[in-house]
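Student: Once you've had a glance at the structure underneath, I'll fire off some questions.
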Amino acid sequence: MKLSALTRTRRGRAALAAVPTVAVIGVLMGGVAQGAVPVSMAISGQQFKIAADSLEGTGFSQYAGEAKDAQGKVHPVAIANIKDATLNNLCQSVKVPGMPLGLLISAGTDPENPVKATDLQIGMSDLRGTATFGDIRIGVDASTVNTKAHGSEGDFAMDSDAIDIQNLKQVSSSTSAAVFKLTDLHLQISDGTECF
């Protein structure tokens with residue numbers, strides 16, 4: 001196919017524009033998958049979906065916060081921190097608004113080799129699943145939670161020594177971690193298919 005034929009349509013131009021981005025993401029995620037690249041990532045102005053068969057973690061806290069988009073608009077989010085987390089059968093999806101195009105990532109499909117994260121922080125607007133907490137404290141001051149990251153003094157928070165969430169489904173606007181190891185990584189351009 002000639003380049004001129006590809007660039008005549010909006011869809012073709014979008015696909016062409018996505019190629020260098022996907023190539024860079026692929027290289028970075030390959031380094032992340034080997035544990036070589038520490039991750040500090042925030043997606044501003046667009047939400048994405050995360051699903052996993054299970055999430056197990058130690059050192060958990062949650063409190064209210066905010067995220068800013070590219071125009072500086074503030075969006076309220078629930079902030080969750082997990083000191084050490086493992087996720088089985090992770091899926092992450094991002095849709096290109098108004099187009100049948102997206103990015104679909106899967107990892108940790110082998111139960112013996114789950115996804116692992118250290119100092120994981122998630123800014124989310126929706127969370128579903130079956131959660132079990134170990135030694136939970138509800139109503140603590142957000143500035144005194146048991147994780148490295150914490151909220152503002154006087155704000156409501158909860159924390160626990162351990163967390164287990166089965167059938168996790170989450171809508172997020174940001175994710176960051178000191179290290180995010182994605183075993184069995186598969187990154188692909190999709191038709192807009194989402195994790196759920």
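In the structure tokens, chains take the letters A, B, ... in the order shown, each chain's residues start at 1, and ligands count up from 1 in the order shown.
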Give me the residues within 7 Å of Asp159 (chain A) as a list in words, counting only C-alpha atoms and dropping any in the same chain fewer than 4 places off.
Tutor: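 The residues satisfying every condition are Phe60, Ser61, Gln62, Ile136, Arg137, Ile138, Val145 and Asn146 of chain A.
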Student: Using only C-alpha atoms, which residue out of A:Gly134, A:Gly192, A:Gly139, A:Pro76 lies closest to Ile165 (chain A)?
Tutor: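 Looking only at the distances to Ile165 (chain A), the closest residue turns out to be A:Gly134.
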Student: Quick one: residues within 7 Å of Leu87 (chain A), only C-alpha atoms counted, chain neighbours fewer than 6 positions away excluded, as a ChimeraX atom specification?
Tutor: /A:52,54-56,108,114-116
Student: Skip Ala149 (chain A) itself and residues of its chain fewer than 4 positions away, then list as a VMD selection string all residues within 10 Å of it, counting only C-alpha atoms.
Tutor: chain A and resid 61 to 62 79 to 83 119 to 121 142 to 145
Student: So how far away is CA of Ser125 (chain A) from CA of His75 (chain A), in Å?
Tutor: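 Interatomic distance, CA of His75 (chain A) to CA of Ser125 (chain A): 9.4 Å.
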Student: May I ask for the distance between CA of Glu112 (chain A) and CA of Ile163 (chain A), given in Å to one decimal place?
Tutor: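 Straight-line distance from CA of Glu112 (chain A) to CA of Ile163 (chain A) works out to 19.5 Å.
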Student: Find the residues near Phe196 (chain A): any atom within 9 Å, counting only C-alpha atoms, skip ones fewer than 4 places away on the same chain, and give them as a list in words.
Tutor: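 The contact residues come out as Lys49, Ile50, Ala51, Ser93 and Lys169 of chain A.
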Student: Selection from above, all heavy atoms, as a PDB file, in the first residue's frame, can you write it?
Tutor:
ATOM      1  N   LYS A  49      -8.797   1.258  31.406  1.00  0.00           N
ATOM      2  CA  LYS A  49      -9.352   0.177  32.214  1.00  0.00           C
ATOM      3  C   LYS A  49      -8.279  -0.854  32.534  1.00  0.00           C
ATOM      4  O   LYS A  49      -7.432  -1.165  31.697  1.00  0.00           O
ATOM      5  CB  LYS A  49     -10.519  -0.490  31.487  1.00  0.00           C
ATOM      6  CG  LYS A  49     -11.721   0.430  31.359  1.00  0.00           C
ATOM      7  CD  LYS A  49     -12.903  -0.266  30.714  1.00  0.00           C
ATOM      8  CE  LYS A  49     -14.109   0.670  30.688  1.00  0.00           C
ATOM      9  NZ  LYS A  49     -15.274   0.030  30.055  1.00  0.00           N
ATOM     10  N   ILE A  50      -8.358  -1.368  33.767  1.00  0.00           N
ATOM     11  CA  ILE A  50      -7.454  -2.410  34.227  1.00  0.00           C
ATOM     12  C   ILE A  50      -8.296  -3.538  34.798  1.00  0.00           C
ATOM     13  O   ILE A  50      -9.236  -3.284  35.558  1.00  0.00           O
ATOM     14  CB  ILE A  50      -6.489  -1.882  35.303  1.00  0.00           C
ATOM     15  CG1 ILE A  50      -5.576  -0.799  34.733  1.00  0.00           C
ATOM     16  CG2 ILE A  50      -5.670  -3.020  35.903  1.00  0.00           C
ATOM     17  CD1 ILE A  50      -4.709  -0.110  35.761  1.00  0.00           C
ATOM     18  N   ALA A  51      -7.962  -4.766  34.431  1.00  0.00           N
ATOM     19  CA  ALA A  51      -8.633  -5.936  34.997  1.00  0.00           C
ATOM     20  C   ALA A  51      -7.571  -6.964  35.352  1.00  0.00           C
ATOM     21  O   ALA A  51      -6.507  -7.007  34.737  1.00  0.00           O
ATOM     22  CB  ALA A  51      -9.634  -6.529  34.000  1.00  0.00           C
ATOM     23  N   SER A  93      -6.459  -1.614  28.988  1.00  0.00           N
ATOM     24  CA  SER A  93      -6.946  -1.148  27.682  1.00  0.00           C
ATOM     25  C   SER A  93      -7.143   0.362  27.695  1.00  0.00           C
ATOM     26  O   SER A  93      -7.557   0.936  28.691  1.00  0.00           O
ATOM     27  CB  SER A  93      -8.259  -1.848  27.318  1.00  0.00           C
ATOM     28  OG  SER A  93      -9.264  -1.598  28.290  1.00  0.00           O
ATOM     29  N   LYS A 169     -11.719  -5.135  38.624  1.00  0.00           N
ATOM     30  CA  LYS A 169     -12.072  -4.303  37.467  1.00  0.00           C
ATOM     31  C   LYS A 169     -11.977  -2.857  37.925  1.00  0.00           C
ATOM     32  O   LYS A 169     -12.591  -2.486  38.926  1.00  0.00           O
ATOM     33  CB  LYS A 169     -13.476  -4.625  36.973  1.00  0.00           C
ATOM     34  CG  LYS A 169     -13.607  -5.994  36.335  1.00  0.00           C
ATOM     35  CD  LYS A 169     -15.026  -6.244  35.828  1.00  0.00           C
ATOM     36  CE  LYS A 169     -15.127  -7.548  35.071  1.00  0.00           C
ATOM     37  NZ  LYS A 169     -14.888  -8.716  35.902  1.00  0.00           N
TER      38      LYS A 169
END
Student: Among region 68-180 of chain A, which ones does DSSP assign to strand (DSSP E) (computed from the backbone)? Answer as a ChimeraX atom specification.
Tutor: /A:68,74-88,90-95,102-107,115-141,156-176,179-180
Student: Write out as a ChimeraX atom specification the residues lying within 6 Å of Ala162 (chain A), counting only C-alpha atoms and excluding same-chain residues fewer than 4 positions away.
Tutor: /A:57-59,133-134
Student: For the residues selected in the previous step, produce a file with C-alpha atoms as a short mmCIF file (atom, residue, chain, number, x, y, z; two decimals), in the first residue's frame.
Tutor:
data_model
loop_
_atom_site.label_atom_id
_atom_site.label_comp_id
_atom_site.auth_asym_id
_atom_site.auth_seq_id
_atom_site.Cartn_x
_atom_site.Cartn_y
_atom_site.Cartn_z
CA GLY A 57 -0.57 -6.81 48.16
CA THR A 58 1.04 -5.69 51.39
CA GLY A 59 1.06 -2.16 52.77
CA PHE A 133 -8.23 -6.75 54.00
CA GLY A 134 -5.79 -7.85 56.70
#
